[in-house]
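Here is the structure we will look at, set down as structure tokens.
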Amino acid sequence: MPDNGPVVGVLALQGDVREHQRAVSECGLRSALVRRPAELAEVDALILPGGESTTISRLLVAFDLMGPLRARLAEGMPAYGACAGMILLSREILDGTADQRTLAGLDVVVRRNAFGRQVDSFEADLEFEGIPGGTVRAVFIRAPWVERAGSGVEVLARVPEIPAAGGAAGRIVAIRQGCVLATAFHPELTGDRRVHQLFCEMVRRSRVGACR
Ligand code: GLN
């Protein structure tokens, strides 16, 4: 891996951190764990893994990362949020907890645990805008969906209109706005690296001025 290539940080407060690190290295970029403001300052981009968004929100406050992370996002740092990461990056959360904070990196309203209490886990094959090579297998675990998206937000994937999807059919589950990407599902769990490749390509391009 080139020593002067961009470094993708992985927020390591909670959640499936190692799987994202592995995916980044398989895409040919360096990665680093981020738990402190000084570590955030060293990275060129950040992945916010899935986990529990209420817990990660509290830990971001406890580790003094909320302000610095909001500032980096406002400056245009590329970021990718999966599941709880998508919730944290949103502008507004429905069915969140009273003390839950957001990073407001995406002009979207997300609904937490949107697939319903019974649906702990749901899988579907998604048509994903910008990802060639056929559908992407998506693993949803107590996942959110995007309830409303602002006009600057690109919708990249929706839950397919299949009977198993029930009330989730057609819901928005992958988006991009500028240098920020988010999925309601967990691509780090399937071995298919195409979502991480898309993000790593955004990171590479951000170095020459634009994320796409
Ligand atoms: N339900 C979780 C939350 O609210 C997200 C689940 C996940 O990241 N797999 O944060």
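Just remember, in the structure tokens the first chain shown is A, the second B, etc., residues are 1-based per chain, and ligands are 1-based in the order shown.
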I want to know what sits within 8 Å of segment 88-105 of chain A, based on only C-alpha atoms, with residues of the same chain fewer than 4 positions away left out; could you give that as a list in words?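 Near segment 88-105 of chain A, the qualifying residues are Ser53, Thr54, Ser57, Arg58, Met66, Leu69, Arg70, Leu73, Ala74, Gly81, Ala84, Val109, Val110, Arg111, Arg112, Asn113 and Val180 of chain A.
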Export of the given selection (N, CA, C and O atoms) as a PDB file, in the first residue's frame:
ATOM      1  N   SER A  53     -26.581   3.288  17.979  1.00  0.00           N
ATOM      2  CA  SER A  53     -26.354   4.720  17.775  1.00  0.00           C
ATOM      3  C   SER A  53     -26.506   5.531  19.058  1.00  0.00           C
ATOM      4  O   SER A  53     -25.826   6.555  19.228  1.00  0.00           O
ATOM      5  N   THR A  54     -27.381   5.094  19.971  1.00  0.00           N
ATOM      6  CA  THR A  54     -27.545   5.857  21.221  1.00  0.00           C
ATOM      7  C   THR A  54     -26.258   5.776  22.049  1.00  0.00           C
ATOM      8  O   THR A  54     -25.808   6.773  22.612  1.00  0.00           O
ATOM      9  N   SER A  57     -23.469   7.766  20.271  1.00  0.00           N
ATOM     10  CA  SER A  57     -23.704   9.193  20.488  1.00  0.00           C
ATOM     11  C   SER A  57     -23.166   9.621  21.861  1.00  0.00           C
ATOM     12  O   SER A  57     -22.457  10.632  21.986  1.00  0.00           O
ATOM     13  N   ARG A  58     -23.457   8.832  22.891  1.00  0.00           N
ATOM     14  CA  ARG A  58     -22.968   9.168  24.245  1.00  0.00           C
ATOM     15  C   ARG A  58     -21.447   9.121  24.291  1.00  0.00           C
ATOM     16  O   ARG A  58     -20.798   9.965  24.910  1.00  0.00           O
ATOM     17  N   MET A  66     -17.559  14.897  19.411  1.00  0.00           N
ATOM     18  CA  MET A  66     -18.741  15.400  18.715  1.00  0.00           C
ATOM     19  C   MET A  66     -18.416  16.692  17.938  1.00  0.00           C
ATOM     20  O   MET A  66     -18.685  16.785  16.740  1.00  0.00           O
ATOM     21  N   LEU A  69     -15.713  16.214  15.091  1.00  0.00           N
ATOM     22  CA  LEU A  69     -16.241  15.423  13.976  1.00  0.00           C
ATOM     23  C   LEU A  69     -17.227  16.247  13.141  1.00  0.00           C
ATOM     24  O   LEU A  69     -17.183  16.231  11.903  1.00  0.00           O
ATOM     25  N   ARG A  70     -18.077  17.001  13.811  1.00  0.00           N
ATOM     26  CA  ARG A  70     -18.980  17.900  13.083  1.00  0.00           C
ATOM     27  C   ARG A  70     -18.167  18.893  12.238  1.00  0.00           C
ATOM     28  O   ARG A  70     -18.512  19.172  11.100  1.00  0.00           O
ATOM     29  N   LEU A  73     -16.680  17.186   9.143  1.00  0.00           N
ATOM     30  CA  LEU A  73     -17.735  16.934   8.145  1.00  0.00           C
ATOM     31  C   LEU A  73     -18.099  18.230   7.433  1.00  0.00           C
ATOM     32  O   LEU A  73     -18.285  18.255   6.210  1.00  0.00           O
ATOM     33  N   ALA A  74     -18.176  19.310   8.196  1.00  0.00           N
ATOM     34  CA  ALA A  74     -18.513  20.608   7.587  1.00  0.00           C
ATOM     35  C   ALA A  74     -17.433  21.053   6.608  1.00  0.00           C
ATOM     36  O   ALA A  74     -17.717  21.729   5.620  1.00  0.00           O
ATOM     37  N   GLY A  81     -21.236   5.991   6.711  1.00  0.00           N
ATOM     38  CA  GLY A  81     -21.913   5.458   7.890  1.00  0.00           C
ATOM     39  C   GLY A  81     -22.752   4.258   7.521  1.00  0.00           C
ATOM     40  O   GLY A  81     -23.537   4.298   6.572  1.00  0.00           O
ATOM     41  N   ALA A  84     -26.066   2.094  12.292  1.00  0.00           N
ATOM     42  CA  ALA A  84     -25.999   3.113  13.342  1.00  0.00           C
ATOM     43  C   ALA A  84     -25.213   4.330  12.847  1.00  0.00           C
ATOM     44  O   ALA A  84     -25.516   5.474  13.212  1.00  0.00           O
ATOM     45  N   VAL A 109     -33.881  12.702   7.219  1.00  0.00           N
ATOM     46  CA  VAL A 109     -34.543  12.279   8.453  1.00  0.00           C
ATOM     47  C   VAL A 109     -34.563  10.755   8.410  1.00  0.00           C
ATOM     48  O   VAL A 109     -35.050  10.173   7.432  1.00  0.00           O
ATOM     49  N   VAL A 110     -33.988  10.103   9.429  1.00  0.00           N
ATOM     50  CA  VAL A 110     -33.996   8.635   9.451  1.00  0.00           C
ATOM     51  C   VAL A 110     -34.897   8.141  10.578  1.00  0.00           C
ATOM     52  O   VAL A 110     -35.053   8.803  11.598  1.00  0.00           O
ATOM     53  N   ARG A 111     -35.470   6.965  10.343  1.00  0.00           N
ATOM     54  CA  ARG A 111     -36.250   6.317  11.400  1.00  0.00           C
ATOM     55  C   ARG A 111     -35.439   5.160  11.963  1.00  0.00           C
ATOM     56  O   ARG A 111     -35.017   4.276  11.210  1.00  0.00           O
ATOM     57  N   ARG A 112     -35.193   5.206  13.265  1.00  0.00           N
ATOM     58  CA  ARG A 112     -34.421   4.137  13.928  1.00  0.00           C
ATOM     59  C   ARG A 112     -35.258   2.877  14.038  1.00  0.00           C
ATOM     60  O   ARG A 112     -36.466   2.965  14.218  1.00  0.00           O
ATOM     61  N   ASN A 113     -34.616   1.714  13.961  1.00  0.00           N
ATOM     62  CA  ASN A 113     -35.311   0.423  14.106  1.00  0.00           C
ATOM     63  C   ASN A 113     -36.575   0.393  13.256  1.00  0.00           C
ATOM     64  O   ASN A 113     -37.622  -0.085  13.685  1.00  0.00           O
ATOM     65  N   VAL A 180     -20.334  12.325   1.530  1.00  0.00           N
ATOM     66  CA  VAL A 180     -20.844  11.463   2.603  1.00  0.00           C
ATOM     67  C   VAL A 180     -21.751  10.376   2.023  1.00  0.00           C
ATOM     68  O   VAL A 180     -22.690  10.665   1.281  1.00  0.00           O
TER      69      VAL A 180
END
Please give the complete set of residues from chain A that DSSP, run on the backbone, assigns to alpha helix (DSSP H), formatted as number ranges by chain. A: 17-26, 37-42, 53-62, 66-74, 84-89, 194-206
Please dump the current selection as a short mmCIF file (atom, residue, chain, number, x, y, z; two decimals), in the first residue's frame; keep C-alpha atoms.
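The result, written out as result.cif:
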data_model
loop_
_atom_site.label_atom_id
_atom_site.label_comp_id
_atom_site.auth_asym_id
_atom_site.auth_seq_id
_atom_site.Cartn_x
_atom_site.Cartn_y
_atom_site.Cartn_z
CA VAL A 17 -14.76 -1.99 13.72
CA ARG A 18 -12.39 -4.77 12.59
CA GLU A 19 -14.61 -5.84 9.69
CA HIS A 20 -14.50 -2.30 8.27
CA GLN A 21 -10.72 -2.12 8.70
CA ARG A 22 -10.37 -5.37 6.79
CA ALA A 23 -12.65 -4.12 4.01
CA VAL A 24 -10.65 -0.88 3.67
CA SER A 25 -7.36 -2.73 3.36
CA GLU A 26 -8.88 -5.08 0.76
CA PRO A 37 -9.66 14.08 18.61
CA ALA A 38 -5.90 13.81 17.86
CA GLU A 39 -6.51 10.57 15.95
CA LEU A 40 -9.39 12.14 14.01
CA ALA A 41 -7.10 14.98 12.99
CA GLU A 42 -4.68 12.47 11.40
CA SER A 53 -26.35 4.72 17.78
CA THR A 54 -27.54 5.86 21.22
CA THR A 55 -24.40 4.40 22.82
CA ILE A 56 -22.08 5.76 20.12
CA SER A 57 -23.70 9.19 20.49
CA ARG A 58 -22.97 9.17 24.24
CA LEU A 59 -19.41 7.98 23.65
CA LEU A 60 -18.81 10.70 21.05
CA VAL A 61 -19.70 13.25 23.75
CA ALA A 62 -17.64 11.47 26.44
CA MET A 66 -18.74 15.40 18.72
CA GLY A 67 -17.50 18.95 17.98
CA PRO A 68 -14.33 17.97 16.06
CA LEU A 69 -16.24 15.42 13.98
CA ARG A 70 -18.98 17.90 13.08
CA ALA A 71 -16.25 20.37 12.09
CA ARG A 72 -14.44 17.86 9.84
CA LEU A 73 -17.74 16.93 8.14
CA ALA A 74 -18.51 20.61 7.59
CA ALA A 84 -26.00 3.11 13.34
CA GLY A 85 -23.43 5.19 11.40
CA MET A 86 -26.17 6.32 9.01
CA ILE A 87 -28.30 7.34 12.01
CA LEU A 88 -25.44 9.35 13.50
CA LEU A 89 -24.75 11.15 10.21
CA ARG A 194 -18.20 -3.11 -3.77
CA VAL A 195 -19.76 -0.63 -1.30
CA HIS A 196 -16.38 -0.08 0.39
CA GLN A 197 -14.78 0.22 -3.05
CA LEU A 198 -17.28 2.96 -3.91
CA PHE A 199 -16.37 4.80 -0.70
CA CYS A 200 -12.62 4.31 -1.17
CA GLU A 201 -12.97 5.73 -4.69
CA MET A 202 -14.76 8.78 -3.21
CA VAL A 203 -11.85 9.15 -0.75
CA ARG A 204 -9.25 8.94 -3.53
CA ARG A 205 -11.13 11.51 -5.61
CA SER A 206 -11.55 13.87 -2.66
#
What is the atom CA of Glu52 of chain A-atom CA of Cys179 of chain A distance in Å, reported with one decimal?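 Here the two named atoms are 23.4 Å from each other.
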Looking at only C-alpha atoms and all ligand atoms, which of A:Ala138, A:Leu156, A:Ala164, A:Leu65 is the one that sits closest to ligand 1? A:Ala138
Considering only strand (DSSP E) as DSSP defines it on the backbone, what residues of segment 55-107 of chain A qualify? List them as a PyMOL selection string. chain A and resi 79-82+92-94
Give me, please, the distance in Å between atom CA of Ala174 of chain A and atom CA of Arg158 of chain A, quoted to one decimal.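 Rounded to one decimal, the two atoms are 6.9 Å apart.
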Report the distance between atom CA of Ala210 of chain A and atom CA of Gly152 of chain A in Å, rounded to one decimal place. 15.4 Å
Name all residues at most 9 Å from Ala149 of chain A (count only C-alpha atoms; drop same-chain ones fewer than 3 positions away) and give them as a count of residues only. 12
Please list as a VMD selection string every residue within 10 Å of Ala143 of chain A, counting only C-alpha atoms and excluding residues in the same chain fewer than 5 positions away. chain A and resid 50 82 to 84 86 to 87 111 to 116 119 to 122 173 183 to 186
Best match for closeness to Leu181 of chain A among A:Cys211, A:Ala124, A:Val8, A:Val136, counting only C-alpha atoms: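 The closest residue to Leu181 of chain A is A:Cys211.
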Could you pull the residues within 8 Å of Glu123 of chain A, counting only C-alpha atoms, minus those fewer than 4 positions along the same chain, as a list in words? Arg137, Ala138, Val139 and Phe140 of chain A
Quick one: everything within 10 Å of Arg171 of chain A, counting only C-alpha atoms, minus sequence neighbours fewer than 4 positions away in the same chain. Send it as a PyMOL selection string. chain A and resi 114-115+144-148+157-161+165+167
Write the residues you've just listed into a file as a compact mmCIF listing (two decimals), in the first residue's frame, and include N, CA, C and O atoms for each of them.
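Saved as part.txt:
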# COMPACT_ATOMS: atom_id res chain seq x y z
N ALA A 114 -36.45 0.90 12.02
CA ALA A 114 -37.63 1.16 11.20
C ALA A 114 -38.31 -0.12 10.70
O ALA A 114 -39.50 -0.11 10.43
N PHE A 115 -37.54 -1.20 10.58
CA PHE A 115 -38.12 -2.42 10.01
C PHE A 115 -39.07 -3.12 10.99
O PHE A 115 -39.70 -4.10 10.66
N PRO A 144 -32.21 1.18 10.34
CA PRO A 144 -33.03 2.35 10.07
C PRO A 144 -33.42 2.38 8.58
O PRO A 144 -32.92 1.57 7.79
N TRP A 145 -34.29 3.28 8.19
CA TRP A 145 -34.40 3.66 6.78
C TRP A 145 -34.50 5.16 6.72
O TRP A 145 -34.67 5.83 7.76
N VAL A 146 -34.37 5.70 5.52
CA VAL A 146 -34.45 7.15 5.34
C VAL A 146 -35.91 7.50 5.09
O VAL A 146 -36.51 7.04 4.12
N GLU A 147 -36.45 8.29 5.97
CA GLU A 147 -37.86 8.65 5.86
C GLU A 147 -38.05 9.83 4.89
O GLU A 147 -38.97 9.84 4.10
N ARG A 148 -37.13 10.80 4.98
CA ARG A 148 -37.19 11.95 4.07
C ARG A 148 -35.77 12.36 3.70
O ARG A 148 -34.89 12.34 4.56
N ALA A 157 -30.06 3.36 -3.31
CA ALA A 157 -30.75 2.06 -3.25
C ALA A 157 -32.00 2.14 -2.39
O ALA A 157 -32.07 2.91 -1.43
N ARG A 158 -32.98 1.32 -2.79
CA ARG A 158 -34.23 1.17 -2.03
C ARG A 158 -34.47 -0.31 -1.80
O ARG A 158 -33.99 -1.16 -2.56
N VAL A 159 -35.26 -0.63 -0.79
CA VAL A 159 -35.67 -2.02 -0.56
C VAL A 159 -36.53 -2.43 -1.75
O VAL A 159 -37.42 -1.69 -2.17
N PRO A 160 -36.24 -3.61 -2.34
CA PRO A 160 -37.01 -4.02 -3.52
C PRO A 160 -38.47 -4.31 -3.17
O PRO A 160 -38.80 -4.60 -2.02
N GLU A 161 -39.28 -4.23 -4.20
CA GLU A 161 -40.74 -4.45 -4.02
C GLU A 161 -41.00 -5.96 -4.08
O GLU A 161 -41.54 -6.46 -5.05
N ALA A 165 -40.56 -8.06 1.83
CA ALA A 165 -40.18 -6.73 2.33
C ALA A 165 -41.32 -6.07 3.10
O ALA A 165 -41.08 -5.15 3.90
N GLY A 167 -43.87 -3.78 4.64
CA GLY A 167 -43.95 -2.31 4.68
C GLY A 167 -42.64 -1.61 4.37
O GLY A 167 -42.61 -0.39 4.22
Let me make sure I understand: among A:Asp16, A:Glu129, A:Asp44, A:Glu75, which one has the smallest atom-to-atom distance to ligand 1 if we use only C-alpha atoms and all ligand atoms?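 Residue with the minimum atom-to-atom distance to ligand 1: A:Asp16.
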For a quick check of understanding, using only C-alpha atoms and all ligand atoms, which of A:Pro187, A:Pro6, A:Pro78, A:Gly130 has the smallest distance to ligand 1?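 Of A:Pro187, A:Pro6, A:Pro78, A:Gly130, the one nearest ligand 1, counting only C-alpha atoms and all ligand atoms, is A:Pro187.
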